[in-house]
Structure formats: structure tokens, C-alpha cells
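Comments concern the structure below.
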Amino acid sequence: QVQLVESGGGLVQPGGSLRLSCAASGITFSNYVMNWYRQALGKGRELVASIMKPDDSTNYADSVKGRFTISRANAKNTVYLQMNSLKPEDTAVYYCNAGWGIYNYWGQGTQVTVSS
């Protein structure tokens, strides 16, 4: 059974930092492109960051470039999203996604709230 379990969300003040983690099980983690999406209340789901195979190259949404960093630890089957200089508009539920060919899996999400 495939599971993606996010952690690390919470309430943070503007300008603060959080690190999200996503632990995967039931998949050959190193085969998968790993993504972080987010969905704010009343809005559609947005791709925030991706880390590719085989070279671990990364892509970011323009809204987070220079502030967020995606990374992966294949030995731990875990992908991370380091979020710095957080803004109120970063408030959303953040979802981990694993994709490989026809296979596509989602975590249940973790809430990030940026507010003073």
C-alpha cells in the first residue's frame, strides 16, 4: 500500500520559516518525480516545486522562487520543502505528490498558516 505522509505544517509569522517533510512508503522512491502542491481556501491546486529524475534538477513556481527549496533524501524515502520568508499568501494546505509514468500518488496534506 502506497502512503505519502506530510508533516511540519503549522502557524508561523510573516517572514518566518517552516520545513515540510513527506515520508513515502510502498513505492521505489528513487524512481519518482516528487512534487509539492498547495491549495488555498477557495482556490485551485497549484504546483509549488518539483524535483526531477535522474539528476534531481528542480523547478519552482514564480511565486516561491528564491524563498522555497525542495530536496530529497532517497535513503530515507523523504522529500522536503524548506520555506523561508513566508508571506500570508503562502497560507494553504500543502500536498506531497509522487509521479512516475502512469503512477501518481498524493498525501493527505498539511496546513500552513502565515499570520501575525
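Going by the C-alpha cells order, chains are called A, B, ..., each with residues numbered from 1, while ligands are numbered from 1 in the order shown.
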
**OP:** Mind checking which residues fall within 9 Å of Tyr37 in chain A, counting only C-alpha atoms, ignoring those fewer than 6 positions away in the same chain, and posting them as a VMD selection string?
**Re:** chain A and resid 45 to 50 93 to 97

For the residues selected in the previous step, produce a file with C-alpha atoms as a PDB file, in the first residue's frame.
```pdb
ATOM      1  CA  ARG A  45      -4.367  23.367  -6.523  1.00  0.00           C
ATOM      2  CA  GLU A  46      -1.061  24.964  -7.523  1.00  0.00           C
ATOM      3  CA  LEU A  47       2.263  23.256  -8.296  1.00  0.00           C
ATOM      4  CA  VAL A  48       4.841  24.817  -5.990  1.00  0.00           C
ATOM      5  CA  ALA A  49       8.035  22.827  -6.545  1.00  0.00           C
ATOM      6  CA  SER A  50       9.311  19.702  -8.268  1.00  0.00           C
ATOM      7  CA  VAL A  93      -2.818  23.152   2.549  1.00  0.00           C
ATOM      8  CA  TYR A  94       0.417  21.710   1.164  1.00  0.00           C
ATOM      9  CA  TYR A  95       0.314  18.331  -0.557  1.00  0.00           C
ATOM     10  CA  CYS A  96       3.089  15.928  -1.444  1.00  0.00           C
ATOM     11  CA  ASN A  97       2.818  14.171  -4.814  1.00  0.00           C
TER      12      ASN A  97
END
```

Subject >> Neighbour list for Tyr105 in chain A as a PyMOL selection string, cut-off 8 Å, only C-alpha atoms, skip fewer than 6 positions in-chain >> reply: chain A and resi 2+4+97-99

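With only C-alpha atoms as the basis for measurement, A:Val33 is the residue among A:Cys22, A:Leu11, A:Val33, A:Ile70 that approaches Ile102 in chain A most closely.
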
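Across the structure, CA of Thr91 in chain A and CA of Lys43 in chain A are spaced 11.4 Å apart.
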
Residues of chain A in strand (DSSP E) according to DSSP, as a PDB file with C-alpha atoms, in the first residue's frame?
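This went into result28.pdb:
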```
ATOM      1  CA  GLN A   3       1.474   6.097   1.590  1.00  0.00           C
ATOM      2  CA  LEU A   4       2.724   9.662   1.470  1.00  0.00           C
ATOM      3  CA  VAL A   5       2.659  11.312   4.883  1.00  0.00           C
ATOM      4  CA  GLU A   6       3.319  15.036   5.189  1.00  0.00           C
ATOM      5  CA  SER A   7       4.448  16.744   8.376  1.00  0.00           C
ATOM      6  CA  GLY A  10       1.727  24.918  11.386  1.00  0.00           C
ATOM      7  CA  LEU A  11       1.247  28.569  12.227  1.00  0.00           C
ATOM      8  CA  VAL A  12       4.129  30.959  11.550  1.00  0.00           C
ATOM      9  CA  LEU A  18       8.975  26.118   8.089  1.00  0.00           C
ATOM     10  CA  ARG A  19      10.266  22.834   6.749  1.00  0.00           C
ATOM     11  CA  LEU A  20       7.768  20.353   5.413  1.00  0.00           C
ATOM     12  CA  SER A  21       8.581  16.666   5.134  1.00  0.00           C
ATOM     13  CA  CYS A  22       6.908  13.917   3.147  1.00  0.00           C
ATOM     14  CA  ALA A  23       7.722  10.320   4.007  1.00  0.00           C
ATOM     15  CA  ALA A  24       6.893   7.791   1.310  1.00  0.00           C
ATOM     16  CA  SER A  25       6.301   4.077   1.641  1.00  0.00           C
ATOM     17  CA  VAL A  33       9.464  12.710  -9.543  1.00  0.00           C
ATOM     18  CA  MET A  34       8.422  14.355  -6.291  1.00  0.00           C
ATOM     19  CA  ASN A  35       6.278  17.458  -6.167  1.00  0.00           C
ATOM     20  CA  TRP A  36       4.807  19.830  -3.640  1.00  0.00           C
ATOM     21  CA  TYR A  37       1.440  21.383  -4.429  1.00  0.00           C
ATOM     22  CA  ARG A  38      -0.657  23.765  -2.395  1.00  0.00           C
ATOM     23  CA  GLN A  39      -4.285  24.756  -2.295  1.00  0.00           C
ATOM     24  CA  ARG A  45      -4.367  23.367  -6.523  1.00  0.00           C
ATOM     25  CA  GLU A  46      -1.061  24.964  -7.523  1.00  0.00           C
ATOM     26  CA  LEU A  47       2.263  23.256  -8.296  1.00  0.00           C
ATOM     27  CA  VAL A  48       4.841  24.817  -5.990  1.00  0.00           C
ATOM     28  CA  ALA A  49       8.035  22.827  -6.545  1.00  0.00           C
ATOM     29  CA  SER A  50       9.311  19.702  -8.268  1.00  0.00           C
ATOM     30  CA  ILE A  51      12.460  17.618  -8.042  1.00  0.00           C
ATOM     31  CA  THR A  58      14.372  21.413  -9.521  1.00  0.00           C
ATOM     32  CA  ASN A  59      11.587  23.684 -10.711  1.00  0.00           C
ATOM     33  CA  TYR A  60       9.638  26.287  -8.768  1.00  0.00           C
ATOM     34  CA  PHE A  68      11.451  27.801  -1.107  1.00  0.00           C
ATOM     35  CA  THR A  69      13.826  24.885  -1.635  1.00  0.00           C
ATOM     36  CA  ILE A  70      12.824  21.328  -2.482  1.00  0.00           C
ATOM     37  CA  SER A  71      15.184  18.441  -1.726  1.00  0.00           C
ATOM     38  CA  ARG A  72      15.052  14.694  -1.353  1.00  0.00           C
ATOM     39  CA  ALA A  73      16.768  12.009   0.694  1.00  0.00           C
ATOM     40  CA  THR A  78      11.628  11.509   2.112  1.00  0.00           C
ATOM     41  CA  VAL A  79      11.182  14.778   0.253  1.00  0.00           C
ATOM     42  CA  TYR A  80      11.432  18.158   1.940  1.00  0.00           C
ATOM     43  CA  LEU A  81      10.238  21.673   1.292  1.00  0.00           C
ATOM     44  CA  GLN A  82      12.189  24.373   3.096  1.00  0.00           C
ATOM     45  CA  MET A  83      10.082  27.533   3.161  1.00  0.00           C
ATOM     46  CA  ALA A  92      -2.617  26.886   2.144  1.00  0.00           C
ATOM     47  CA  VAL A  93      -2.818  23.152   2.549  1.00  0.00           C
ATOM     48  CA  TYR A  94       0.417  21.710   1.164  1.00  0.00           C
ATOM     49  CA  TYR A  95       0.314  18.331  -0.557  1.00  0.00           C
ATOM     50  CA  CYS A  96       3.089  15.928  -1.444  1.00  0.00           C
ATOM     51  CA  ASN A  97       2.818  14.171  -4.814  1.00  0.00           C
ATOM     52  CA  ALA A  98       4.798  11.295  -6.343  1.00  0.00           C
ATOM     53  CA  GLY A  99       4.694  10.693 -10.080  1.00  0.00           C
ATOM     54  CA  TRP A 100       6.216   8.080 -12.394  1.00  0.00           C
ATOM     55  CA  TYR A 103       1.565   6.152 -11.367  1.00  0.00           C
ATOM     56  CA  ASN A 104       0.510   9.189  -9.383  1.00  0.00           C
ATOM     57  CA  TYR A 105       0.074   9.348  -5.616  1.00  0.00           C
ATOM     58  CA  TRP A 106      -0.961  12.038  -3.142  1.00  0.00           C
ATOM     59  CA  THR A 110      -0.558  19.622   5.909  1.00  0.00           C
ATOM     60  CA  GLN A 111      -1.864  23.073   6.777  1.00  0.00           C
ATOM     61  CA  VAL A 112       0.488  26.042   6.641  1.00  0.00           C
ATOM     62  CA  THR A 113      -0.848  29.307   8.040  1.00  0.00           C
ATOM     63  CA  VAL A 114       1.181  32.517   7.822  1.00  0.00           C
TER      64      VAL A 114
END
```
